[in-house]
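Enquirer: My file is upload.csv. It has CSV, C-alpha atoms:
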chain,number,residue,atom,x,y,z
A,214,LEU,CA,104.9,120.0,109.7
A,215,ASN,CA,103.8,122.9,107.5
A,216,ASP,CA,103.4,122.3,103.8
A,217,SER,CA,106.9,121.7,102.5
A,218,ASN,CA,108.7,120.2,99.6
A,219,VAL,CA,111.4,117.6,99.9
A,220,ALA,CA,114.0,116.5,97.3
A,221,VAL,CA,115.9,113.3,97.7
A,222,ILE,CA,118.5,112.2,95.1
A,223,ALA,CA,118.2,108.5,94.4
A,224,GLY,CA,121.6,107.4,93.1
A,225,GLY,CA,121.6,105.4,89.9
A,226,PRO,CA,124.4,103.5,88.1
A,227,SER,CA,124.5,106.0,85.2
A,228,SER,CA,125.7,109.6,85.3
A,229,VAL,CA,123.5,112.2,83.7
A,230,ALA,CA,124.4,115.7,82.8
A,231,GLY,CA,122.8,118.4,84.9
A,232,PRO,CA,123.5,121.4,87.1
A,233,ARG,CA,125.5,120.8,90.2
A,234,GLN,CA,124.8,122.4,93.6
A,235,PRO,CA,127.5,124.5,95.2
A,236,GLY,CA,130.0,122.4,97.1
A,237,ALA,CA,128.9,119.2,95.3
A,238,GLU,CA,131.7,119.0,92.8
A,239,ASP,CA,132.8,115.6,94.1
A,240,GLU,CA,129.3,114.1,94.3
A,241,PRO,CA,128.1,111.8,91.5
A,242,LEU,CA,125.1,113.0,89.5
A,243,ALA,CA,122.0,110.9,90.0
A,244,ALA,CA,120.0,109.5,87.1
A,245,TYR,CA,116.7,109.9,89.1
A,246,LEU,CA,115.2,112.3,91.5
A,247,LEU,CA,112.7,111.5,94.2
A,248,THR,CA,110.6,114.5,95.2
A,249,GLY,CA,107.5,115.0,97.2
A,250,SER,CA,105.4,117.1,99.5
A,251,VAL,CA,104.1,116.8,103.1
A,252,ARG,CA,100.7,118.1,104.1
A,253,ASN,CA,98.9,117.9,107.3
A,254,ALA,CA,95.4,118.7,108.4
A,255,ALA,CA,94.0,118.2,111.9
A,256,GLU,CA,95.2,114.7,112.9
A,257,ARG,CA,96.0,113.4,109.4
A,258,ILE,CA,99.1,113.6,107.3
A,259,ARG,CA,99.6,113.0,103.6
A,260,VAL,CA,103.0,112.4,102.0
A,261,SER,CA,103.1,112.5,98.3
A,262,ALA,CA,106.1,111.1,96.5
A,263,ARG,CA,107.2,111.3,92.8
A,264,LEU,CA,110.1,109.7,90.9
A,265,VAL,CA,111.3,111.6,87.9
A,266,GLN,CA,114.0,111.0,85.4
A,267,ARG,CA,116.7,113.7,85.8
A,268,ASP,CA,117.6,114.5,82.2
A,269,SER,CA,114.1,114.5,80.7
A,270,GLY,CA,112.0,115.4,83.8
A,271,ALA,CA,109.6,112.6,82.9
A,272,GLN,CA,107.5,111.4,85.8
A,273,LEU,CA,108.1,107.6,86.3
A,274,TRP,CA,106.0,106.9,89.4
A,275,THR,CA,103.9,108.6,92.0
A,276,SER,CA,102.1,107.6,95.1
A,277,ALA,CA,100.4,109.2,98.2
A,278,TYR,CA,100.5,107.9,101.7
A,279,ASP,CA,97.8,108.9,104.3
A,280,GLU,CA,98.4,108.4,108.0
A,281,ASN,CA,96.9,109.3,111.4
A,282,LEU,CA,99.2,111.9,113.0
A,283,THR,CA,100.4,111.9,116.6
A,284,LEU,CA,103.6,113.2,117.9
A,285,SER,CA,104.6,109.8,119.3
A,286,ALA,CA,103.9,108.0,116.0
A,287,LEU,CA,105.8,110.5,113.9
A,288,LEU,CA,109.1,108.6,113.7
A,289,ALA,CA,107.3,105.4,113.0
A,290,ILE,CA,105.3,107.0,110.2
A,291,GLU,CA,108.6,108.4,108.7
A,292,GLU,CA,110.2,105.0,108.8
A,293,LYS,CA,107.2,103.2,107.4
A,294,ILE,CA,106.8,105.5,104.4
A,295,ALA,CA,110.5,105.6,103.7
A,296,ALA,CA,110.6,101.8,103.6
A,297,GLN,CA,107.6,101.6,101.4
A,298,VAL,CA,108.9,104.2,98.9
A,299,SER,CA,112.4,102.8,98.7
A,300,ALA,CA,111.1,99.2,98.3
A,301,THR,CA,108.8,100.2,95.5
A,302,ILE,CA,111.1,102.4,93.4
A,303,ALA,CA,114.2,100.3,93.8
A,304,ALA,CA,112.6,96.8,93.5
A,305,VAL,CA,113.3,94.4,90.8
A,306,TYR,CA,110.7,95.1,88.1
A,307,GLY,CA,110.0,98.5,89.6
A,308,PRO,CA,110.1,101.9,87.8
A,309,ILE,CA,113.8,102.3,87.9
A,310,PHE,CA,114.4,98.8,86.7
A,311,GLN,CA,112.1,99.4,83.7
A,312,GLN,CA,114.0,102.6,82.7
A,313,GLU,CA,117.4,101.0,83.1
A,314,LEU,CA,116.3,98.0,81.1
A,315,ALA,CA,115.2,100.3,78.3
A,316,ARG,CA,118.6,102.1,78.5
A,317,THR,CA,120.4,98.8,78.3
A,318,ALA,CA,118.4,97.7,75.2
A,319,ARG,CA,119.8,100.7,73.3
A,320,LYS,CA,123.4,99.7,74.1
A,321,PRO,CA,125.5,97.8,71.6
A,322,PRO,CA,126.6,94.4,72.9
A,323,ALA,CA,130.3,95.5,73.2
A,324,LYS,CA,129.3,98.3,75.5
A,325,LEU,CA,127.3,96.3,78.0
A,326,GLU,CA,128.4,96.2,81.6
A,327,THR,CA,127.8,93.5,84.3
A,328,TYR,CA,125.0,95.7,85.7
A,329,ASP,CA,123.3,95.6,82.3
A,330,CYS,CA,123.7,91.8,82.2
A,331,VAL,CA,121.9,91.6,85.6
A,332,LEU,CA,119.0,93.6,84.2
A,333,LYS,CA,118.9,91.3,81.2
A,334,TYR,CA,118.8,88.3,83.6
A,335,TYR,CA,115.8,89.7,85.5
A,336,ALA,CA,114.0,90.6,82.2
A,337,TYR,CA,114.6,87.0,81.0
A,338,ARG,CA,113.3,85.4,84.2
A,339,ARG,CA,110.0,87.4,83.7
A,340,THR,CA,109.5,85.6,80.4
A,341,VAL,CA,111.7,82.5,80.5
A,342,ASP,CA,112.2,83.0,76.8
A,343,PRO,CA,115.0,81.0,75.2
A,344,ILE,CA,116.1,83.9,73.0
A,345,GLN,CA,116.4,86.1,76.1
A,346,HIS,CA,118.3,83.4,77.9
A,347,ARG,CA,120.9,83.3,75.1
A,348,ASP,CA,121.2,87.1,75.2
A,349,ALA,CA,121.8,87.1,79.0
A,350,LEU,CA,124.1,84.1,78.8
A,351,GLN,CA,126.4,85.8,76.2
A,352,CYS,CA,126.4,89.0,78.2
A,353,PHE,CA,127.6,87.2,81.4
A,354,GLU,CA,130.2,85.2,79.4
A,355,GLN,CA,131.6,88.5,78.2
A,356,SER,CA,131.5,90.0,81.7
A,357,VAL,CA,133.5,87.3,83.4
A,358,LYS,CA,136.2,87.8,80.8
A,359,ARG,CA,136.1,91.6,81.2
A,360,GLU,CA,135.6,91.7,85.0
A,361,PRO,CA,136.8,88.3,86.4
A,362,LYS,CA,136.8,89.6,89.9
A,363,PHE,CA,133.2,90.8,89.8
A,364,ALA,CA,131.0,88.4,91.8
A,365,ASP,CA,127.7,89.2,90.1
A,366,ALA,CA,129.1,88.3,86.7
A,367,TRP,CA,130.0,84.8,87.9
A,368,ALA,CA,126.7,84.5,89.8
A,369,GLY,CA,124.7,85.4,86.7
A,370,LEU,CA,126.6,82.9,84.7
A,371,ALA,CA,125.7,80.2,87.3
A,372,LEU,CA,122.0,81.2,87.0
A,373,MET,CA,122.1,80.8,83.2
A,374,TYR,CA,123.7,77.4,83.5
A,375,LEU,CA,120.9,76.3,85.9
A,376,ASP,CA,118.3,77.1,83.3
A,377,GLU,CA,120.3,75.2,80.7
A,378,TYR,CA,120.1,72.3,83.2
A,379,GLY,CA,116.4,72.8,84.0
A,380,PHE,CA,115.0,73.7,80.5
A,381,GLY,CA,117.7,72.6,78.0
A,382,TYR,CA,118.4,76.1,77.0
A,383,ASP,CA,121.6,76.8,75.0
A,384,PRO,CA,123.4,73.5,75.8
A,385,GLN,CA,127.2,74.1,76.0
A,386,PRO,CA,129.7,71.6,74.6
A,387,GLY,CA,132.2,69.9,76.7
A,388,PRO,CA,132.5,67.1,79.3
A,389,ILE,CA,131.3,69.2,82.3
A,390,GLY,CA,127.5,69.3,82.7
A,391,PRO,CA,125.5,72.4,83.3
A,392,LEU,CA,124.8,71.7,87.0
A,393,ASP,CA,128.5,71.2,87.7
A,394,ARG,CA,129.3,74.4,85.8
A,395,ALA,CA,126.7,76.3,87.8
A,396,ARG,CA,128.1,75.1,91.1
A,397,GLU,CA,131.6,76.1,90.1
A,398,ALA,CA,130.5,79.5,88.9
A,399,ALA,CA,128.4,80.1,92.1
A,400,ARG,CA,131.4,79.1,94.3
A,401,THR,CA,133.7,81.5,92.4
A,402,ALA,CA,131.2,84.3,92.9
A,403,LEU,CA,131.0,83.6,96.7
A,404,ASP,CA,134.8,83.4,97.0
A,405,ILE,CA,134.9,86.9,95.5
A,406,ASP,CA,132.0,88.4,97.5
A,407,GLY,CA,130.2,86.4,100.1
A,408,GLU,CA,127.7,89.2,100.6
A,409,SER,CA,126.5,89.1,97.0
A,410,LEU,CA,122.8,88.4,96.9
A,411,LEU,CA,123.0,87.1,93.3
A,412,ALA,CA,125.8,84.7,94.3
A,413,ASN,CA,123.9,83.4,97.4
A,414,PHE,CA,120.8,83.0,95.3
A,415,ALA,CA,122.7,81.0,92.7
A,416,LEU,CA,124.1,78.7,95.3
A,417,ALA,CA,120.6,78.3,96.8
A,418,ARG,CA,119.3,77.1,93.4
A,419,VAL,CA,122.2,74.8,92.9
A,420,ARG,CA,121.7,73.2,96.3
A,421,PHE,CA,118.0,72.7,95.5
A,422,MET,CA,118.7,71.1,92.1
A,423,GLU,CA,121.2,68.8,93.8
A,424,GLY,CA,118.6,67.7,96.4
A,425,ASP,CA,120.6,69.2,99.3
A,426,LEU,CA,117.8,70.5,101.4
A,427,ASP,CA,119.9,71.2,104.4
A,428,GLY,CA,122.2,73.4,102.3
A,429,PHE,CA,119.3,74.9,100.6
A,430,ALA,CA,117.8,75.9,104.0
A,431,ARG,CA,121.0,77.7,104.9
A,432,SER,CA,121.1,79.5,101.6
A,433,THR,CA,117.4,80.4,101.8
A,434,ASP,CA,118.0,82.2,105.1
A,435,ARG,CA,121.0,84.0,103.6
A,436,VAL,CA,119.0,85.1,100.5
A,437,ALA,CA,116.1,86.4,102.6
A,438,ALA,CA,118.5,88.4,104.8
A,439,LEU,CA,120.5,89.9,101.9
A,440,GLY,CA,117.5,90.5,99.6
A,441,PRO,CA,114.4,91.2,101.7
A,442,THR,CA,112.8,93.2,98.8
A,443,ASN,CA,114.0,91.1,95.9
A,444,VAL,CA,110.9,89.6,94.3
A,445,GLU,CA,112.6,87.2,92.0
A,446,ALA,CA,114.8,85.7,94.8
A,447,LEU,CA,112.0,85.4,97.4
A,448,ALA,CA,109.5,83.9,95.0
A,449,THR,CA,111.9,81.4,93.7
A,450,VAL,CA,113.2,80.0,97.0
A,451,GLY,CA,109.6,80.1,98.3
A,452,ALA,CA,108.3,78.1,95.4
A,453,TYR,CA,111.1,75.6,95.7
A,454,TRP,CA,110.1,74.9,99.3
A,455,VAL,CA,106.5,74.3,98.3
A,456,LEU,CA,107.6,72.0,95.4
A,457,ALA,CA,109.8,70.1,97.9
A,458,GLY,CA,106.8,69.5,100.2
A,459,PHE,CA,107.5,72.1,102.8
A,460,PRO,CA,104.8,74.8,102.3
A,461,GLU,CA,105.2,76.1,105.8
A,462,ARG,CA,108.7,77.3,104.8
A,463,GLY,CA,107.7,78.5,101.3
A,464,ALA,CA,104.3,80.2,101.9
A,465,PRO,CA,105.6,83.2,103.9
A,466,LEU,CA,108.3,83.9,101.3
A,467,LEU,CA,105.8,83.7,98.5
A,468,GLU,CA,103.4,86.1,100.3
A,469,LYS,CA,106.2,88.6,100.9
A,470,ALA,CA,107.2,88.4,97.2
A,471,ASP,CA,103.6,88.9,96.0
A,472,ALA,CA,103.2,91.9,98.2
A,473,LEU,CA,106.4,93.5,96.8
A,474,GLY,CA,105.7,93.3,93.1
A,475,PRO,CA,103.8,91.5,90.3
A,476,ARG,CA,103.3,87.8,90.9
A,477,LEU,CA,106.0,85.8,89.1
A,478,ALA,CA,105.5,82.4,87.3
A,479,THR,CA,107.3,80.5,90.1
A,480,SER,CA,104.8,81.8,92.6
A,481,SER,CA,101.8,80.8,90.5
A,482,ILE,CA,103.2,77.4,89.9
A,483,ALA,CA,103.8,76.9,93.6
A,484,ARG,CA,100.2,77.9,94.3
A,485,ALA,CA,98.9,75.5,91.7
A,486,VAL,CA,100.9,72.7,93.3
A,487,THR,CA,99.3,73.6,96.6
A,488,ASP,CA,95.9,73.5,95.0
A,489,ILE,CA,96.6,70.1,93.4
A,490,ARG,CA,97.7,68.6,96.7
A,491,ALA,CA,94.4,69.8,98.2
A,492,ASP,CA,92.4,68.4,95.2
A,493,ARG,CA,91.4,71.9,94.1
A,494,TYR,CA,92.1,71.1,90.4
A,495,ASP,CA,89.9,73.9,89.0
A,496,ASP,CA,91.9,76.4,91.1
A,497,ALA,CA,95.2,74.9,89.9
A,498,LEU,CA,94.1,75.2,86.3
A,499,GLY,CA,93.1,78.8,86.9
A,500,GLU,CA,96.6,79.6,88.1
A,501,MET,CA,98.2,78.0,85.1
A,502,LEU,CA,95.9,79.7,82.6
A,503,LYS,CA,97.1,83.0,84.0
A,504,LEU,CA,100.7,82.3,83.0
A,505,ASP,CA,101.8,84.8,80.4
A,506,LEU,CA,104.9,82.8,79.2
A,507,PRO,CA,104.1,81.9,75.6
A,508,ASN,CA,107.7,80.9,74.7
A,509,TRP,CA,108.4,78.8,77.8
A,510,ILE,CA,108.3,75.1,76.9
A,511,LEU,CA,106.8,74.1,80.2
A,512,THR,CA,103.8,76.5,79.9
A,513,PRO,CA,101.7,74.1,77.7
A,514,VAL,CA,102.9,71.2,79.8
A,515,LEU,CA,101.6,72.7,83.0
A,516,VAL,CA,98.3,73.8,81.4
A,517,ALA,CA,97.7,70.3,79.9
A,518,ALA,CA,98.5,68.6,83.2
A,519,THR,CA,96.2,70.8,85.4
A,520,ALA,CA,93.5,70.7,82.7
A,521,GLY,CA,93.6,66.9,82.7
A,522,LEU,CA,93.3,66.8,86.5
A,523,ALA,CA,90.4,69.3,86.3
A,524,GLY,CA,88.6,67.2,83.7
A,525,ARG,CA,88.9,69.8,81.0
A,526,GLN,CA,90.0,67.7,78.1
A,527,ASP,CA,89.3,70.4,75.6
A,528,VAL,CA,91.8,72.7,77.3
A,529,ALA,CA,94.3,69.9,77.7
A,530,GLN,CA,94.1,68.9,74.1
A,531,ARG,CA,94.7,72.5,72.9
A,532,ALA,CA,97.7,72.7,75.2
A,533,ILE,CA,99.1,69.4,73.9
A,534,ALA,CA,98.7,70.7,70.4
A,535,THR,CA,100.7,73.8,71.3
A,536,LEU,CA,103.3,71.7,73.0
A,537,ARG,CA,103.7,69.5,69.8
A,538,GLU,CA,104.2,72.7,67.7
A,539,LYS,CA,107.0,73.9,70.0
A,540,ASP,CA,108.7,70.5,70.4
A,541,PRO,CA,107.4,67.6,68.3
A,542,THR,CA,109.7,65.2,70.1
A,543,PHE,CA,108.7,66.2,73.7
A,544,ALA,CA,106.8,62.9,74.2
A,545,ASP,CA,110.1,61.1,73.7
A,546,HIS,CA,111.9,62.8,76.5
A,547,ALA,CA,109.0,64.1,78.7
A,548,ARG,CA,109.8,61.9,81.8
A,549,ALA,CA,113.5,62.8,81.7
A,550,SER,CA,112.7,66.5,81.2
A,551,LEU,CA,110.2,66.7,84.1
A,552,ALA,CA,112.5,64.7,86.4
Can you dump the structure from the file as structure tokens?

Expert:
Amino acid sequence: LNDSNVAVIAGGPSSVAGPRQPGAEDEPLAAYLLTGSVRNAAERIRVSARLVQRDSGAQLWTSAYDENLTLSALLAIEEKIAAQVSATIAAVYGPIFQQELARTARKPPAKLETYDCVLKYYAYRRTVDPIQHRDALQCFEQSVKREPKFADAWAGLALMYLDEYGFGYDPQPGPIGPLDRAREAARTALDIDGESLLANFALARVRFMEGDLDGFARSTDRVAALGPTNVEALATVGAYWVLAGFPERGAPLLEKADALGPRLATSSIARAVTDIRADRYDDALGEMLKLDLPNWILTPVLVAATAGLAGRQDVAQRAIATLREKDPTFADHARASLA
């Protein structure tokens, strides 16, 4: 293990111009390069890894890993570091995701592919912004027309319908309700590809919304197996278990999601619910005040509710004022919306 450089090509969905290696004429060019170095001294080893954009050479991410070195532990060290690096750079909301999302934002709507729509979906779920919902919905609607045999296009459409059902976003005309449309789209996706993470995730959410906890349990196991590093999927199904009253099922999934990436709103809400059930109202309010979702209609609802429980009427009244600005009629349909 003398000092050495390693270069690993991390394949991306886009092809970028660059020099080819001899004999690599048939290999697709990668959008990103993962490079690094290995150094050892005495009984310690340091592996440094860097992710760079191939066309510009810009460094997108770097990290160093220090381990105690023994010959018997060498393979375990290699596997551990490889798993950590791959999970970090390829994760939803990771460095490649951010670059690909920026690339997608520069594309005209007519040129968007289903992969771009999936990126838009994850970007939307980070903000739960109604305008971003409409953008992702329209993208998936075009995708199922253009690629009717692509499972993720139908799965994405199902996920958009579920938020129409949950939050009232972009209501679609017609006799079929959003939950029924979501179920049909999810089933179509699974008929095309039963191994699609997005399709199984959509079905899990459908089953939860329908109150089918047995089916949700089966879908949860499937989602965890297909997407062990997908922060969005793990946090969502974990939060749903907590909301349903089964924290023993949800907490491990939430902990895994939080360890993989930035804490999502669903995780924070689940933790606030756990605090409320334990009469830790100040802690629940603290969780809700951290929500950085200014355009989500439920943000002021959650802040007002937890502030009221914590005896912070000043905070509750400010949240109610914000809620009235966003939806002056919310009081008229509050119970139905929350149900």

Enquirer: Tell me which of A:Gly379, A:Pro441, A:Gly499, A:Gly424 sits closest to Leu473 (chain A), counting all atoms listed in the file.

Expert: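 Distance minimum relative to Leu473 (chain A) lands on A:Pro441.
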
Enquirer: Compile the contact shell of region 427-432 of chain A as a ChimeraX atom specification: residues with an atom at most 7 Å away, counting all atoms listed in the file, same-chain residues fewer than 3 positions apart removed.

Expert: /A:413,417,420-421,435-436

Enquirer: Distance table requested - region 351-408 of chain A against region 325-338 of chain A, cut-off 12 Å, all atoms listed in the file: one row per qualifying residue with the closest atom pair and its distance in Å to one decimal, ordered by chain and rising residue number, as a Markdown table.

Expert:
| residue | atom | partner | partner_atom | distance |
| --- | --- | --- | --- | --- |
| A:Gln351 | CA | A:Cys330 | CA | 8.9 |
| A:Cys352 | CA | A:Cys330 | CA | 5.6 |
| A:Phe353 | CA | A:Cys330 | CA | 6.1 |
| A:Glu354 | CA | A:Cys330 | CA | 9.7 |
| A:Gln355 | CA | A:Thr327 | CA | 8.8 |
| A:Ser356 | CA | A:Thr327 | CA | 5.7 |
| A:Val357 | CA | A:Thr327 | CA | 8.5 |
| A:Lys358 | CA | A:Thr327 | CA | 10.7 |
| A:Arg359 | CA | A:Glu326 | CA | 9.0 |
| A:Glu360 | CA | A:Thr327 | CA | 8.0 |
| A:Pro361 | CA | A:Thr327 | CA | 10.6 |
| A:Lys362 | CA | A:Thr327 | CA | 11.3 |
| A:Phe363 | CA | A:Thr327 | CA | 8.2 |
| A:Ala364 | CA | A:Thr327 | CA | 9.6 |
| A:Asp365 | CA | A:Thr327 | CA | 7.2 |
| A:Ala366 | CA | A:Thr327 | CA | 5.9 |
| A:Trp367 | CA | A:Thr327 | CA | 9.7 |
| A:Ala368 | CA | A:Val331 | CA | 9.5 |
| A:Gly369 | CA | A:Val331 | CA | 6.9 |
| A:Leu370 | CA | A:Tyr334 | CA | 9.6 |
| A:Ala371 | CA | A:Tyr334 | CA | 11.3 |
| A:Leu372 | CA | A:Tyr334 | CA | 8.5 |
| A:Met373 | CA | A:Tyr334 | CA | 8.2 |
| A:Tyr374 | CA | A:Tyr334 | CA | 12.0 |
| A:Leu375 | CA | A:Arg338 | CA | 12.0 |
| A:Asp376 | CA | A:Arg338 | CA | 9.7 |

Enquirer: Just how far from CA of Ile258 (chain A) is CA of Ile294 (chain A), in Å to one decimal?

Expert: 11.5 Å

Enquirer: Could you tell me, as a list in words, which residues have any atom at most 10 Å from (115.1, 86.5, 93.1), counting all atoms listed in the file?

Expert: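 Looking at atoms near the point gives Val305, Tyr335, Arg338, Leu410, Leu411, Phe414, Ala415, Val436, Ala437, Gly440, Pro441, Thr442, Asn443, Val444, Glu445, Ala446, Leu447, Ala448, Thr449, Val450, Gly451, Ala470 and Leu477 of chain A.
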
Enquirer: So how many Å separate CA of Ala303 (chain A) and CA of Tyr453 (chain A), to one decimal?

Expert: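 So the two atoms, CA of Ala303 (chain A) and CA of Tyr453 (chain A), lie 25.0 Å apart.
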
Enquirer: Please measure the separation of CA of Val516 (chain A) and CA of His346 (chain A), giving the value in Å to one decimal.

Expert: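 It comes out at 22.5 Å.
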
Enquirer: Which residues of region 322-397 of chain A sit at most 12 Å from region 531-547 of chain A, using all atoms listed in the file? Give each one's shortest atom pair and distance in Å (one decimal place), in chain and ascending residue order, as a Markdown table.

Expert:
| residue | atom | partner | partner_atom | distance |
| --- | --- | --- | --- | --- |
| A:Pro343 | CA | A:Lys539 | CA | 11.9 |
| A:Phe380 | CA | A:Ala547 | CA | 11.5 |
| A:Gly381 | CA | A:His546 | CA | 11.5 |

Enquirer: Have a look at A:Ala296, A:Leu246, A:Ala318, A:Ile290 and name the one nearest to Thr275 (chain A); count all atoms listed in the file.

Expert: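 Checking each candidate against Thr275 (chain A), we get A:Leu246 as the closest.
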
Enquirer: A:Pro391, A:Glu313, A:Ala438, A:Gln530: which is nearest Met422 (chain A), counting all atoms listed in the file?

Expert: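 The shortest atom-to-atom distance to Met422 (chain A) comes from A:Pro391.
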
Enquirer: Using all atoms listed in the file, which of the listed residues (A:Leu506, A:Val419, A:Leu273, A:Ala398) sits closest to Tyr378 (chain A)?

Expert: A:Val419

Enquirer: Add whatever atoms are absent from region 291-305 of chain A to reach N, CA and C atoms, and provide the output as an mmCIF file, in the frame of the given file.

Expert:
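Written file, selection.cif:
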data_model
loop_
_atom_site.group_PDB
_atom_site.id
_atom_site.type_symbol
_atom_site.label_atom_id
_atom_site.label_comp_id
_atom_site.auth_asym_id
_atom_site.auth_seq_id
_atom_site.Cartn_x
_atom_site.Cartn_y
_atom_site.Cartn_z
ATOM 1 N N GLU A 291 107.446 108.079 109.566
ATOM 2 C CA GLU A 291 108.600 108.400 108.700
ATOM 3 C C GLU A 291 109.242 107.102 108.195
ATOM 4 N N GLU A 292 109.532 106.208 109.131
ATOM 5 C CA GLU A 292 110.200 105.000 108.800
ATOM 6 C C GLU A 292 109.366 104.088 107.887
ATOM 7 N N LYS A 293 108.069 104.017 108.167
ATOM 8 C CA LYS A 293 107.200 103.200 107.400
ATOM 9 C C LYS A 293 107.090 103.668 105.943
ATOM 10 N N ILE A 294 106.890 104.970 105.763
ATOM 11 C CA ILE A 294 106.800 105.500 104.400
ATOM 12 C C ILE A 294 108.080 105.415 103.663
ATOM 13 N N ALA A 295 109.189 105.705 104.346
ATOM 14 C CA ALA A 295 110.500 105.600 103.700
ATOM 15 C C ALA A 295 110.744 104.187 103.204
ATOM 16 N N ALA A 296 110.392 103.200 104.020
ATOM 17 C CA ALA A 296 110.600 101.800 103.600
ATOM 18 C C ALA A 296 109.715 101.438 102.441
ATOM 19 N N GLN A 297 108.462 101.906 102.448
ATOM 20 C CA GLN A 297 107.600 101.600 101.400
ATOM 21 C C GLN A 297 108.023 102.218 100.045
ATOM 22 N N VAL A 298 108.440 103.478 100.107
ATOM 23 C CA VAL A 298 108.900 104.200 98.900
ATOM 24 C C VAL A 298 110.138 103.530 98.336
ATOM 25 N N SER A 299 111.132 103.307 99.192
ATOM 26 C CA SER A 299 112.400 102.800 98.700
ATOM 27 C C SER A 299 112.209 101.354 98.152
ATOM 28 N N ALA A 300 111.375 100.541 98.821
ATOM 29 C CA ALA A 300 111.100 99.200 98.300
ATOM 30 C C ALA A 300 110.459 99.191 96.978
ATOM 31 N N THR A 301 109.556 100.148 96.765
ATOM 32 C CA THR A 301 108.800 100.200 95.500
ATOM 33 C C THR A 301 109.660 100.671 94.349
ATOM 34 N N ILE A 302 110.368 101.783 94.532
ATOM 35 C CA ILE A 302 111.100 102.400 93.400
ATOM 36 C C ILE A 302 112.356 101.621 93.055
ATOM 37 N N ALA A 303 112.958 100.945 94.041
ATOM 38 C CA ALA A 303 114.200 100.300 93.800
ATOM 39 C C ALA A 303 114.037 98.761 93.565
ATOM 40 N N ALA A 304 112.797 98.282 93.603
ATOM 41 C CA ALA A 304 112.600 96.800 93.500
ATOM 42 C C ALA A 304 112.845 96.327 92.110
ATOM 43 N N VAL A 305 113.201 95.039 92.057
ATOM 44 C CA VAL A 305 113.300 94.400 90.800
ATOM 45 C C VAL A 305 111.893 94.468 90.116
#
